[in-house]
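The structure file my_file-v1.cif is reproduced below (mmCIF, C-alpha atoms).
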```
data_protein
loop_
_atom_site.label_atom_id
_atom_site.label_comp_id
_atom_site.auth_asym_id
_atom_site.auth_seq_id
_atom_site.Cartn_x
_atom_site.Cartn_y
_atom_site.Cartn_z
CA MET A 700 8.83 -11.71 20.52
CA ILE A 701 11.41 -9.14 21.58
CA LYS A 702 15.03 -10.34 21.69
CA GLU A 703 17.08 -8.98 24.57
CA LEU A 704 20.67 -7.99 23.78
CA THR A 705 23.42 -6.89 26.16
CA THR A 706 26.58 -5.10 25.09
CA PRO A 707 29.28 -5.94 24.12
CA LEU A 708 27.48 -7.97 21.45
CA SER A 709 28.85 -11.42 20.68
CA GLU A 710 29.35 -12.87 17.20
CA GLU A 711 26.78 -15.53 18.07
CA ALA A 712 24.13 -13.05 19.22
CA ILE A 713 24.49 -11.07 15.98
CA SER A 714 24.42 -14.15 13.78
CA GLN A 715 21.01 -15.06 15.22
CA LEU A 716 19.40 -11.75 14.23
CA LYS A 717 17.26 -11.34 11.14
CA VAL A 718 15.55 -8.43 9.43
CA GLY A 719 12.34 -7.41 11.21
CA ASP A 720 13.40 -8.61 14.67
CA VAL A 721 12.58 -6.17 17.47
CA VAL A 722 15.38 -6.09 20.03
CA THR A 723 16.15 -4.39 23.32
CA LEU A 724 19.63 -3.06 23.99
CA THR A 725 21.12 -2.84 27.47
CA GLY A 726 24.63 -1.80 28.46
CA TYR A 727 27.20 0.68 27.16
CA ILE A 728 26.87 2.06 23.65
CA TYR A 729 28.74 4.78 21.74
CA THR A 730 27.23 7.77 19.95
CA GLY A 731 28.51 9.67 16.94
CA ARG A 732 27.41 11.28 13.69
CA ASP A 733 28.76 13.17 10.65
CA ALA A 734 31.45 15.18 12.39
CA VAL A 735 33.07 12.55 14.57
CA LEU A 736 32.63 9.16 12.91
CA PRO A 737 35.21 9.78 10.15
CA LYS A 738 37.67 10.70 12.92
CA ILE A 739 36.92 7.41 14.69
CA VAL A 740 37.53 5.52 11.45
CA LYS A 741 40.86 7.33 11.03
CA ALA A 742 41.88 6.50 14.60
CA ALA A 743 40.91 2.84 14.04
CA GLU A 744 42.97 2.67 10.83
CA GLU A 745 45.94 4.26 12.63
CA GLY A 746 45.59 1.96 15.62
CA THR A 747 45.10 4.78 18.13
CA LEU A 748 41.65 3.91 19.48
CA GLY A 749 43.19 2.60 22.71
CA GLU A 750 44.80 5.97 23.39
CA LEU A 751 41.35 7.54 23.10
CA GLY A 752 39.87 5.01 25.53
CA ILE A 753 37.70 3.40 22.86
CA ASP A 754 37.07 -0.34 22.47
CA LEU A 755 34.94 -1.18 19.42
CA HIS A 756 34.78 -4.95 19.89
CA GLY A 757 31.12 -5.93 20.09
CA ALA A 758 30.20 -2.25 20.10
CA VAL A 759 27.00 -0.43 19.16
CA ILE A 760 27.24 3.01 17.55
CA PHE A 761 24.12 5.16 17.81
CA HIS A 762 23.94 7.91 15.16
CA THR A 763 22.91 10.81 17.35
CA ALA A 764 24.05 14.07 18.84
CA VAL A 765 24.01 14.34 22.62
CA SER A 766 22.57 17.67 23.71
CA PRO A 767 20.65 19.02 26.70
CA ALA A 768 17.52 18.13 24.72
CA GLY A 769 18.49 14.45 24.75
CA VAL A 770 19.29 11.93 22.03
CA GLY A 771 17.51 10.83 18.86
CA PRO A 772 18.58 9.20 15.61
CA THR A 773 19.80 11.24 12.67
CA SER A 774 19.65 9.84 9.13
CA SER A 775 22.24 7.09 8.81
CA ASN A 776 22.39 7.46 5.03
CA LYS A 777 24.21 10.78 5.23
CA LEU A 778 27.42 10.33 3.27
CA GLU A 779 29.81 10.85 6.18
CA ILE A 780 27.90 8.41 8.37
CA GLU A 781 27.08 5.61 5.94
CA CYS A 782 30.66 5.44 4.63
CA THR A 783 31.79 4.46 8.15
CA PHE A 784 29.65 1.29 8.34
CA GLY A 785 32.21 -0.88 6.52
CA PRO A 786 35.42 0.25 8.21
CA LEU A 787 33.90 0.40 11.70
CA SER A 788 32.41 -3.07 11.26
CA ARG A 789 35.85 -4.37 10.27
CA HIS A 790 37.18 -2.92 13.52
CA GLY A 791 34.60 -4.68 15.67
CA VAL A 792 31.36 -2.67 15.65
CA LYS A 793 28.46 -5.11 15.60
CA MET A 794 25.47 -2.80 15.43
CA HIS A 795 24.95 0.57 13.72
CA LEU A 796 21.87 2.25 15.16
CA GLY A 797 20.03 5.05 13.36
CA LYS A 798 17.31 5.55 10.79
CA GLY A 799 16.69 5.61 7.03
CA ALA A 800 17.40 3.22 4.16
CA ILE A 801 21.03 2.32 3.44
CA SER A 802 22.57 1.20 0.14
CA LYS A 803 23.01 -2.36 -1.12
CA GLU A 804 26.77 -1.91 -0.87
CA THR A 805 26.48 -1.03 2.80
CA VAL A 806 24.18 -3.99 3.46
CA ALA A 807 26.80 -6.22 1.84
CA ALA A 808 29.61 -4.67 3.91
CA LEU A 809 27.65 -5.43 7.08
CA GLN A 810 27.17 -9.04 6.00
CA GLU A 811 30.90 -9.49 5.34
CA ASN A 812 31.62 -8.50 8.94
CA ASN A 813 28.67 -10.20 10.67
CA ALA A 814 27.27 -6.81 11.68
CA VAL A 815 23.75 -5.35 11.49
CA PHE A 816 21.93 -2.06 11.03
CA ALA A 817 19.02 -1.33 13.37
CA ILE A 818 16.44 1.45 13.26
CA ILE A 819 15.41 3.27 16.39
CA PRO A 820 12.39 5.61 16.38
CA PRO A 821 13.11 9.27 17.29
CA VAL A 822 11.62 8.86 20.77
CA THR A 823 13.81 11.27 22.72
CA ALA A 824 11.77 11.38 25.92
CA LEU A 825 11.52 7.60 26.10
CA LEU A 826 15.23 7.19 25.41
CA GLY A 827 15.97 9.79 28.09
CA SER A 828 14.09 7.67 30.62
CA GLN A 829 16.18 4.65 29.54
CA THR A 830 19.61 6.35 29.67
CA VAL A 831 21.31 6.08 33.04
CA GLU A 832 24.81 7.41 32.32
CA GLN A 833 26.49 9.54 29.68
CA GLU A 834 30.06 10.76 29.24
CA ILE A 835 32.20 12.27 26.52
CA VAL A 836 34.89 9.81 25.46
CA ALA A 837 36.70 11.66 22.67
CA PHE A 838 36.75 14.85 20.60
CA PRO A 839 35.01 17.08 23.17
CA GLU A 840 35.69 20.11 20.96
CA LEU A 841 32.83 18.92 18.73
CA GLY A 842 30.31 19.80 21.43
CA MET A 843 27.05 17.88 21.01
CA GLU A 844 28.66 15.95 18.13
CA ALA A 845 31.50 14.61 20.31
CA PHE A 846 32.03 10.83 20.69
CA ASN A 847 29.99 9.85 23.75
CA ARG A 848 29.37 6.67 25.70
CA LEU A 849 25.90 6.04 27.12
CA LYS A 850 24.73 3.40 29.54
CA VAL A 851 21.26 2.39 28.39
CA VAL A 852 18.51 0.11 29.63
CA LYS A 853 16.24 -1.62 27.13
CA TYR A 854 16.40 0.77 24.18
CA GLN A 855 14.05 -0.77 21.60
CA ALA A 856 15.10 -1.05 17.96
CA ILE A 857 14.22 -3.05 14.86
CA ILE A 858 16.76 -4.91 12.74
CA ALA A 859 16.75 -3.23 9.32
CA ALA A 860 19.73 -4.91 7.62
CA ALA A 861 21.27 -8.29 8.40
CA LYS A 862 22.66 -11.27 6.51
CA GLY A 863 22.63 -9.34 3.23
CA GLU A 864 18.94 -8.43 3.49
CA SER A 865 17.30 -5.04 4.06
CA ILE A 866 13.89 -4.31 5.52
CA TYR A 867 13.35 -1.76 2.75
CA ASN A 868 13.66 -4.41 0.03
CA LYS A 869 11.23 -6.92 1.48
CA MET B 83 9.08 38.60 35.85
CA SER B 84 5.94 39.55 33.93
CA ILE B 85 3.02 37.18 33.65
CA ILE B 86 3.25 37.33 29.84
CA ILE B 87 6.86 36.10 29.86
CA GLU B 88 5.90 33.20 32.13
CA LYS B 89 2.83 32.30 30.04
CA VAL B 90 4.78 32.30 26.79
CA ALA B 91 7.60 30.22 28.28
CA ASP B 92 5.13 27.66 29.60
CA CYS B 93 3.35 27.59 26.24
CA LEU B 94 6.63 26.87 24.41
CA VAL B 95 7.47 24.03 26.80
CA ARG B 96 4.01 22.52 26.26
CA ALA B 97 4.41 22.82 22.49
CA GLY B 98 7.71 20.95 22.60
CA SER B 99 6.67 18.25 25.06
CA THR B 100 2.96 17.50 24.77
CA PHE B 101 0.60 15.67 22.42
CA ARG B 102 -2.91 17.08 22.28
CA GLU B 103 -5.79 14.66 23.03
CA ASP B 104 -6.89 14.49 19.37
CA GLN B 105 -3.28 13.63 18.47
CA LYS B 106 -3.09 10.81 21.03
CA GLU B 107 -6.43 9.47 19.86
CA ALA B 108 -5.27 9.53 16.23
CA TYR B 109 -2.33 7.30 17.20
CA ARG B 110 -4.57 4.93 19.17
CA ARG B 111 -6.92 4.60 16.18
CA ALA B 112 -4.02 4.00 13.79
CA ILE B 113 -2.46 1.34 16.05
CA ALA B 114 -5.82 -0.43 16.35
CA ASN B 115 -6.37 -0.38 12.56
CA GLU B 116 -2.84 -1.25 11.41
CA THR B 117 -2.11 -4.83 10.37
CA ASN B 118 1.64 -4.39 9.83
CA GLU B 119 3.26 -5.41 13.16
CA GLN B 120 6.40 -3.36 12.62
CA SER B 121 4.37 -0.24 11.89
CA CYS B 122 2.29 -0.85 15.03
CA TRP B 123 5.50 -1.10 17.03
CA VAL B 124 6.76 2.25 15.67
CA MET B 125 3.49 4.04 16.39
CA GLN B 126 3.28 2.56 19.89
CA GLN B 127 6.83 3.81 20.56
CA VAL B 128 5.84 7.31 19.39
CA LEU B 129 2.76 7.29 21.61
CA ASP B 130 4.69 5.96 24.63
CA ASN B 131 7.27 8.67 24.01
CA ALA B 132 4.56 11.32 24.09
CA LEU B 133 3.25 10.07 27.42
CA VAL B 134 6.74 10.12 28.96
CA ALA B 135 7.49 13.57 27.51
CA GLU B 136 4.26 14.99 28.90
CA GLN B 137 4.93 13.52 32.33
CA ARG B 138 8.54 14.79 32.44
CA ARG B 139 7.85 18.04 30.51
CA SER B 140 10.84 17.09 28.36
CA PRO B 141 11.34 17.33 24.58
CA LEU B 142 9.40 14.95 22.34
CA CYS B 143 12.36 14.92 19.95
CA ASP B 144 16.00 15.96 20.24
CA ASP B 145 15.46 18.24 17.24
CA THR B 146 13.40 20.56 19.40
CA GLY B 147 12.61 22.78 16.42
CA ILE B 148 12.57 26.47 15.58
CA PRO B 149 9.85 28.49 17.38
CA HIS B 150 7.23 29.90 14.99
CA LEU B 151 4.71 32.33 16.49
CA PHE B 152 1.09 32.94 15.46
CA LEU B 153 -0.76 35.76 17.20
CA GLU B 154 -4.55 36.18 17.02
CA VAL B 155 -5.83 39.65 17.96
CA GLY B 156 -9.48 40.57 18.59
CA LYS B 157 -10.79 43.86 17.20
CA ASN B 158 -11.04 45.52 20.63
CA ARG B 159 -7.56 44.42 21.73
CA SER B 160 -4.22 46.08 21.16
CA VAL B 161 -0.73 44.66 20.91
CA THR B 162 2.05 46.96 22.04
CA GLY B 163 5.75 46.94 21.36
CA ALA B 164 6.29 46.16 25.03
CA MET B 165 4.07 43.08 24.73
CA MET B 166 5.99 41.92 21.66
CA GLN B 167 9.22 42.29 23.60
CA GLU B 168 7.81 40.21 26.47
CA ILE B 169 6.73 37.53 24.01
CA MET B 170 10.29 37.33 22.73
CA GLU B 171 11.62 37.10 26.28
CA GLY B 172 9.12 34.34 26.98
CA VAL B 173 10.37 32.39 23.99
CA GLU B 174 13.94 32.75 25.23
CA LEU B 175 12.99 31.54 28.70
CA GLY B 176 10.93 28.66 27.32
CA LEU B 177 13.81 27.45 25.18
CA ARG B 178 16.01 27.29 28.28
CA GLN B 179 13.34 25.52 30.31
CA LEU B 180 12.42 22.88 27.69
CA PRO B 181 15.47 22.68 27.14
CA GLY B 182 15.81 23.30 23.42
CA ARG B 183 18.76 21.90 21.54
CA PRO B 184 21.40 24.64 21.22
CA MET B 185 20.99 25.49 17.54
CA ALA B 186 21.71 29.22 17.23
CA ILE B 187 24.33 29.71 14.53
CA MET B 188 26.77 32.49 15.40
CA GLY B 189 28.57 34.96 13.14
CA ASP B 190 27.99 37.27 10.18
CA ASP B 191 25.95 36.48 7.07
CA TYR B 192 28.63 34.26 5.53
CA ALA B 193 29.44 32.48 8.82
CA ARG B 194 25.77 31.74 9.42
CA ILE B 195 25.47 30.17 5.99
CA ASP B 196 28.54 27.95 6.15
CA GLN B 197 28.25 27.50 9.94
CA SER B 198 31.91 28.46 10.41
CA GLY B 199 31.08 30.67 13.41
CA GLY B 200 29.99 27.74 15.55
CA LEU B 201 26.93 27.21 17.72
CA ASN B 202 25.86 29.29 20.69
CA PRO B 203 25.65 26.83 23.63
CA ASP B 204 22.68 28.74 25.10
CA PRO B 205 19.34 27.20 23.98
CA GLY B 206 17.73 30.61 24.59
CA ALA B 207 19.88 32.23 21.92
CA LEU B 208 17.78 30.64 19.19
CA LYS B 209 15.67 33.35 17.55
CA PRO B 210 12.06 32.61 16.57
CA SER B 211 10.92 33.10 12.98
CA PRO B 212 9.01 36.31 12.09
CA ILE B 213 5.67 36.47 13.91
CA LEU B 214 2.41 36.02 11.98
CA ILE B 215 -0.55 38.17 13.15
CA LYS B 216 -4.21 37.43 12.34
CA PRO B 217 -7.25 39.58 13.21
CA VAL B 218 -10.07 37.48 14.72
CA ASP B 219 -13.68 38.06 15.82
CA GLU B 220 -13.10 36.68 19.32
CA ASP B 221 -12.32 39.17 22.08
CA VAL B 222 -8.88 37.73 22.67
CA ILE B 223 -5.13 37.99 22.25
CA ARG B 224 -4.00 34.40 21.74
CA LEU B 225 -0.48 33.23 20.98
CA THR B 226 0.22 29.84 19.38
CA VAL B 227 3.77 28.52 19.47
CA LEU B 228 4.76 25.97 16.83
CA MET B 229 8.09 24.15 17.08
CA LEU B 230 9.13 23.22 13.56
CA GLY B 231 11.86 20.60 13.03
CA GLY B 232 14.47 20.29 10.32
CA GLY B 233 13.45 17.04 8.61
CA PRO B 234 10.08 18.36 7.40
CA ALA B 235 11.75 21.63 6.38
CA ILE B 236 14.08 19.65 4.11
CA ARG B 237 11.19 17.73 2.54
CA GLY B 238 8.70 20.62 2.31
CA ILE B 239 8.03 22.35 -0.99
CA THR B 240 6.29 25.58 -2.02
CA GLN B 241 5.56 25.71 -5.74
CA ARG B 242 2.93 26.58 -8.33
CA VAL B 243 0.35 24.21 -9.74
CA PHE B 244 -1.40 24.93 -13.05
CA HIS B 245 -4.86 23.81 -11.99
CA LYS B 246 -6.57 23.49 -15.40
CA HIS B 247 -9.77 24.62 -13.62
CA ASN B 248 -10.01 21.24 -11.94
CA VAL B 249 -9.59 20.63 -8.19
CA ASP B 250 -8.45 17.05 -8.84
CA VAL B 251 -5.41 18.36 -10.72
CA VAL B 252 -4.35 20.27 -7.61
CA VAL B 253 -5.09 17.35 -5.29
CA ASP B 254 -3.14 14.94 -7.49
CA GLU B 255 -0.12 17.24 -7.57
CA ILE B 256 -0.22 17.62 -3.77
CA VAL B 257 -0.43 13.84 -3.44
CA ASN B 258 2.52 13.27 -5.80
CA ARG B 259 4.67 15.81 -3.96
CA ALA B 260 3.61 14.36 -0.61
CA LYS B 261 4.45 10.78 -1.57
CA GLU B 262 7.98 11.79 -2.43
CA GLY B 263 8.39 13.88 0.71
CA VAL B 264 6.90 11.26 3.03
CA SER B 265 9.04 8.47 1.57
CA LYS B 266 12.20 10.47 2.20
CA LEU B 267 11.24 11.72 5.66
CA GLY B 268 12.83 9.50 8.27
CA CYS B 269 10.28 10.21 10.97
CA SER B 270 6.80 9.20 9.87
CA PRO B 271 3.80 8.74 10.23
CA CYS B 272 3.28 12.27 8.96
CA VAL B 273 0.72 14.99 9.12
CA LEU B 274 0.56 16.86 5.82
CA ALA B 275 0.28 20.63 6.25
CA VAL B 276 -1.05 22.32 3.11
CA GLY B 277 -1.61 25.99 2.28
CA ILE B 278 -2.96 27.28 -1.02
CA GLY B 279 -2.75 30.96 -1.89
CA ARG B 280 -1.81 33.62 -4.44
CA SER B 281 1.89 33.96 -3.64
CA GLN B 282 4.62 31.98 -1.91
CA PHE B 283 4.18 34.12 1.21
CA GLU B 284 0.41 33.71 1.29
CA ALA B 285 0.53 29.96 0.64
CA THR B 286 3.08 29.50 3.43
CA SER B 287 0.97 31.67 5.76
CA MET B 288 -2.06 29.50 4.96
CA MET B 289 0.02 26.40 5.69
CA MET B 290 1.02 27.88 9.06
CA GLU B 291 -2.64 28.59 9.81
CA ALA B 292 -3.51 25.00 8.89
CA MET B 293 -0.99 23.78 11.47
CA VAL B 294 -2.41 26.16 14.10
CA TYR B 295 -6.06 25.14 13.65
CA GLY B 296 -5.78 21.57 12.32
CA ASN B 297 -7.62 18.86 14.23
CA PHE B 298 -7.22 15.08 13.79
CA ASP B 299 -10.91 14.56 14.63
CA LYS B 300 -12.26 17.12 12.15
CA GLN B 301 -11.10 16.33 8.65
CA SER B 302 -12.71 17.92 5.57
CA ASP B 303 -13.39 15.85 2.45
CA PHE B 304 -10.48 17.67 0.77
CA GLU B 305 -8.15 16.68 3.62
CA LYS B 306 -9.41 13.09 3.81
CA LYS B 307 -8.93 12.63 0.05
CA ILE B 308 -5.27 13.66 0.23
CA THR B 309 -4.61 11.44 3.27
CA GLU B 310 -6.23 8.40 1.66
CA LYS B 311 -4.41 8.82 -1.64
CA VAL B 312 -0.98 9.19 -0.01
CA ASN B 313 -1.63 6.19 2.23
CA GLU B 314 -2.23 4.05 -0.87
CA ALA B 315 1.54 4.25 -1.41
CA ASN B 316 2.10 1.87 1.55
CA ILE B 317 5.18 3.77 2.78
CA GLY B 318 4.29 3.31 6.43
CA PRO B 319 5.85 4.59 9.67
CA LEU B 320 9.63 5.01 9.30
CA GLY B 321 9.19 3.64 5.77
CA LEU B 322 8.51 0.13 7.10
CA GLY B 323 5.24 -0.30 5.18
CA GLY B 324 1.63 -0.25 6.29
CA LYS B 325 -1.55 1.75 5.94
CA HIS B 326 -0.52 4.75 8.00
CA SER B 327 2.10 6.82 6.19
CA VAL B 328 -0.06 9.86 6.96
CA LEU B 329 -2.36 10.24 9.97
CA ALA B 330 -4.13 13.37 8.78
CA THR B 331 -3.96 16.37 6.46
CA PHE B 332 -4.34 19.91 7.77
CA ALA B 333 -5.21 22.21 4.85
CA LYS B 334 -6.13 25.88 4.56
CA ILE B 335 -7.32 27.24 1.24
CA GLY B 336 -6.97 31.01 1.07
CA PRO B 337 -8.06 33.60 -1.51
CA GLN B 338 -7.09 32.60 -5.03
CA ARG B 339 -5.63 34.42 -8.01
CA ALA B 340 -7.78 35.03 -11.12
CA SER B 341 -5.51 32.92 -13.30
CA GLY B 342 -4.53 29.37 -14.14
CA VAL B 343 -2.05 29.07 -11.29
CA ARG B 344 -2.32 28.14 -7.63
CA ILE B 345 0.60 28.39 -5.24
CA VAL B 346 0.75 25.36 -2.95
CA ALA B 347 2.86 25.11 0.20
CA LEU B 348 3.31 21.57 1.51
CA ARG B 349 5.10 20.42 4.65
CA PRO B 350 5.26 16.73 5.52
CA CYS B 351 5.24 17.21 9.29
CA CYS B 352 7.09 14.52 11.28
CA CYS B 353 5.49 12.04 13.68
CA PHE B 354 5.41 14.62 16.52
CA GLU B 355 4.18 17.60 14.54
CA PRO B 356 2.51 19.95 14.48
CA ARG B 357 4.13 20.50 17.89
CA ARG B 358 1.94 23.36 19.05
CA ALA B 359 0.38 24.97 22.11
CA SER B 360 -1.67 28.13 22.63
CA VAL B 361 -2.07 30.64 25.43
CA GLU B 362 -4.24 33.71 25.95
CA LEU B 363 -2.24 36.80 26.88
#
```

Target format structure tokens, applied to this file:
Amino acid sequence: MIKELTTPLSEEAISQLKVGDVVTLTGYIYTGRDAVLPKIVKAAEEGTLGELGIDLHGAVIFHTAVSPAGVGPTSSNKLEIECTFGPLSRHGVKMHLGKGAISKETVAALQENNAVFAIIPPVTALLGSQTVEQEIVAFPELGMEAFNRLKVVKYQAIIAAAKGESIYNK
Amino acid sequence: MSIIIEKVADCLVRAGSTFREDQKEAYRRAIANETNEQSCWVMQQVLDNALVAEQRRSPLCDDTGIPHLFLEVGKNRSVTGAMMQEIMEGVELGLRQLPGRPMAIMGDDYARIDQSGGLNPDPGALKPSPILIKPVDEDVIRLTVLMLGGGPAIRGITQRVFHKHNVDVVVDEIVNRAKEGVSKLGCSPCVLAVGIGRSQFEATSMMMEAMVYGNFDKQSDFEKKITEKVNEANIGPLGLGGKHSVLATFAKIGPQRASGVRIVALRPCCCFEPRRASVEL
């Protein structure tokens, strides 16, 4: 059965998820990858997210560029992406959305913060039909790697890491 | 605008946005035969994506790929410099129409390597790879456009195999290389493209030809053997497990060197590849 989730995600909704669950996501989500996520972490540590118009509480971060071609997940285990899972989860992010296996340390960091990692297939055309708004929120100089906010309707994803477990270790 | 430019542009858009019928059918068969629910879900998403992309003529994947061109020329046909120029203009137009992801790296040799010169925001600025030309018996000039993404390029490998005068040695080495590549590729199920030749260039050319002519419904025993052996690894779509890590193998075995070595080019194509379309000019 598919579980329907709406952003911002509550602590309770996340705590009910387990590895292998297929979910739909509806609402506003953020996007970012290698170039911008370390900058978001830095802003969170410095307490300047509000000045950038960013609220990470209950947030979803989708590891993708946003280009005229659309969106699609990049590998979340790239060093500059995976190292942001822990700090961003501490600052309120509840779901990291991308693809690829992540390390045991990252799975543990998610568990400590009641956050999850979900995998989304690279289905750009389908995601395009389910994206109703998009806007650049911060760091526009990064072009397609800027920090964007999307309004999405029923993106489908599968929970790949939750409660200290990973789908790749089952 | 010339008819050739329009035809090439349309061909590129089809390559980047459309599954062929044999490709759709391969997914339907795999979904029907797969017992792993998560793998079924992934493959159904990929198939649904293809149907939406075809309907909207929009990219299958946000990594829209680098255009690779394969030109077949019949013996009574001639290709002129002007035609080649129009083909290039058609590629440029097609990239804007798709639209392709802006991926043209600007700057001199050093800046293109370290990417310090930035990206050209125009999708049409992306240059295709060198064109491959093949003489054919048909009375035709036919262009095939392949859109090759970055993930498979990272996982692909072109390297020698010492065959020990035994085909199984070559097959086993291809299978071992493929298992590693498929397990690390984020976007499976794969199609394995294989070329075997006398040099790195020839093996890669054979691999390109395999992607141009490969058909999911017509698999040789050589191709089936590789597919079956890789699928024994239970990697599955997106690495989630299951019987369908690889949907098919497209192989082309070219002339071989009189020695103990075979050069093998292998590309673990992603779940949308080979993204290809053809047009007669």

Which value, in Å to one decimal, gives the distance between CA of Glu362 in chain B and CA of Leu153 in chain B?
9.6 Å

If the PyMOL selection byres ((chain B) within 8 of (chain A)) were run on this exact file, what residues would it hold? Put them as a PyMOL selection string.
chain B and resi 120+124+127-128+130-132+134-135+140-146+180-184+268-269+320-322

Write the residues you've just listed into a file as a PDB file, in the frame of the given file, and include C-alpha atoms for each of them.
```
ATOM      1  CA  GLN B 120       6.400  -3.360  12.620  1.00  0.00           C
ATOM      2  CA  VAL B 124       6.760   2.250  15.670  1.00  0.00           C
ATOM      3  CA  GLN B 127       6.830   3.810  20.560  1.00  0.00           C
ATOM      4  CA  VAL B 128       5.840   7.310  19.390  1.00  0.00           C
ATOM      5  CA  ASP B 130       4.690   5.960  24.630  1.00  0.00           C
ATOM      6  CA  ASN B 131       7.270   8.670  24.010  1.00  0.00           C
ATOM      7  CA  ALA B 132       4.560  11.320  24.090  1.00  0.00           C
ATOM      8  CA  VAL B 134       6.740  10.120  28.960  1.00  0.00           C
ATOM      9  CA  ALA B 135       7.490  13.570  27.510  1.00  0.00           C
ATOM     10  CA  SER B 140      10.840  17.090  28.360  1.00  0.00           C
ATOM     11  CA  PRO B 141      11.340  17.330  24.580  1.00  0.00           C
ATOM     12  CA  LEU B 142       9.400  14.950  22.340  1.00  0.00           C
ATOM     13  CA  CYS B 143      12.360  14.920  19.950  1.00  0.00           C
ATOM     14  CA  ASP B 144      16.000  15.960  20.240  1.00  0.00           C
ATOM     15  CA  ASP B 145      15.460  18.240  17.240  1.00  0.00           C
ATOM     16  CA  THR B 146      13.400  20.560  19.400  1.00  0.00           C
ATOM     17  CA  LEU B 180      12.420  22.880  27.690  1.00  0.00           C
ATOM     18  CA  PRO B 181      15.470  22.680  27.140  1.00  0.00           C
ATOM     19  CA  GLY B 182      15.810  23.300  23.420  1.00  0.00           C
ATOM     20  CA  ARG B 183      18.760  21.900  21.540  1.00  0.00           C
ATOM     21  CA  PRO B 184      21.400  24.640  21.220  1.00  0.00           C
ATOM     22  CA  GLY B 268      12.830   9.500   8.270  1.00  0.00           C
ATOM     23  CA  CYS B 269      10.280  10.210  10.970  1.00  0.00           C
ATOM     24  CA  LEU B 320       9.630   5.010   9.300  1.00  0.00           C
ATOM     25  CA  GLY B 321       9.190   3.640   5.770  1.00  0.00           C
ATOM     26  CA  LEU B 322       8.510   0.130   7.100  1.00  0.00           C
TER      27      LEU B 322
END
```

Spell out the residues picked by the PyMOL selection byres ((chain A and resi 760) around 8) here, as a PyMOL selection string.
chain A and resi 728-731+758-759+761-762+792+794-796

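Summary of the local environment: counting all atoms listed in the file, residues at most 7 Å from Ala845 in chain A, other than itself and those fewer than 6 positions away along its chain, are Gly731, Val735, Ile835, Ala837, Phe838 and Pro839 of chain A.
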
Running the PyMOL selection byres ((chain B and resi 147) around 12) on this model by hand, what would come out? Give it as a PyMOL selection string.
(chain A and resi 768) or (chain B and resi 94-95+97-99+141-146+148-150+177+180-186+205+208-211+227-235+351-352+354-358)

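Interatomic distance, CA of Leu755 in chain A against CA of Ile701 in chain A: 24.9 Å.
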
How many Å separate CA of Glu804 in chain A from CA of Leu704 in chain A?
26.1 Å

Which residues are near Gly296 in chain B? Cut-off 10 Å, all atoms listed in the file, ignore same chain within fewer than 2 positions. Put them as a PyMOL selection string.
chain B and resi 273+275+290-294+298-301+330-334+356

First collect every listed atom of range 141-159 of chain B; then fit an axis-aligned box around them, widen it by 3 Å on each side, and give centre and edge lengths in Å to one decimal, as AutoDock Vina command-line options.
```
--center_x 2.5 --center_y 30.2 --center_z 19.8 --size_x 33.0 --size_y 36.6 --size_z 15.6
```

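Here the question is which of B:His326, B:His245, B:Arg96, B:Lys89 gets nearest to Cys353 in chain B using only C-alpha atoms, and that residue is B:His326.
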
What would range 795-804 of chain A look like with N, CA and C atoms restored, written as an mmCIF file, in the frame of the given file?
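Final output, saved to rebuild.cif:
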```
data_model
loop_
_atom_site.group_PDB
_atom_site.id
_atom_site.type_symbol
_atom_site.label_atom_id
_atom_site.label_comp_id
_atom_site.auth_asym_id
_atom_site.auth_seq_id
_atom_site.Cartn_x
_atom_site.Cartn_y
_atom_site.Cartn_z
ATOM 1 N N HIS A 795 25.050 -0.850 14.040
ATOM 2 C CA HIS A 795 24.950 0.570 13.720
ATOM 3 C C HIS A 795 23.477 0.934 13.918
ATOM 4 N N LEU A 796 23.236 1.947 14.718
ATOM 5 C CA LEU A 796 21.870 2.250 15.160
ATOM 6 C C LEU A 796 21.487 3.647 14.682
ATOM 7 N N GLY A 797 20.436 3.735 13.863
ATOM 8 C CA GLY A 797 20.030 5.050 13.360
ATOM 9 C C GLY A 797 18.686 4.982 12.691
ATOM 10 N N LYS A 798 18.582 5.611 11.527
ATOM 11 C CA LYS A 798 17.310 5.550 10.790
ATOM 12 C C LYS A 798 17.583 5.784 9.309
ATOM 13 N N GLY A 799 16.613 5.385 8.467
ATOM 14 C CA GLY A 799 16.690 5.610 7.030
ATOM 15 C C GLY A 799 17.256 4.407 6.286
ATOM 16 N N ALA A 800 16.938 4.343 4.985
ATOM 17 C CA ALA A 800 17.400 3.220 4.160
ATOM 18 C C ALA A 800 18.872 3.396 3.810
ATOM 19 N N ILE A 801 19.609 2.292 3.819
ATOM 20 C CA ILE A 801 21.030 2.320 3.440
ATOM 21 C C ILE A 801 21.205 1.548 2.132
ATOM 22 N N SER A 802 22.359 1.754 1.483
ATOM 23 C CA SER A 802 22.570 1.200 0.140
ATOM 24 C C SER A 802 22.849 -0.303 0.168
ATOM 25 N N LYS A 803 22.706 -0.932 -1.007
ATOM 26 C CA LYS A 803 23.010 -2.360 -1.120
ATOM 27 C C LYS A 803 24.460 -2.642 -0.763
ATOM 28 N N GLU A 804 25.345 -1.729 -1.167
ATOM 29 C CA GLU A 804 26.770 -1.910 -0.870
ATOM 30 C C GLU A 804 27.009 -1.939 0.634
#
```
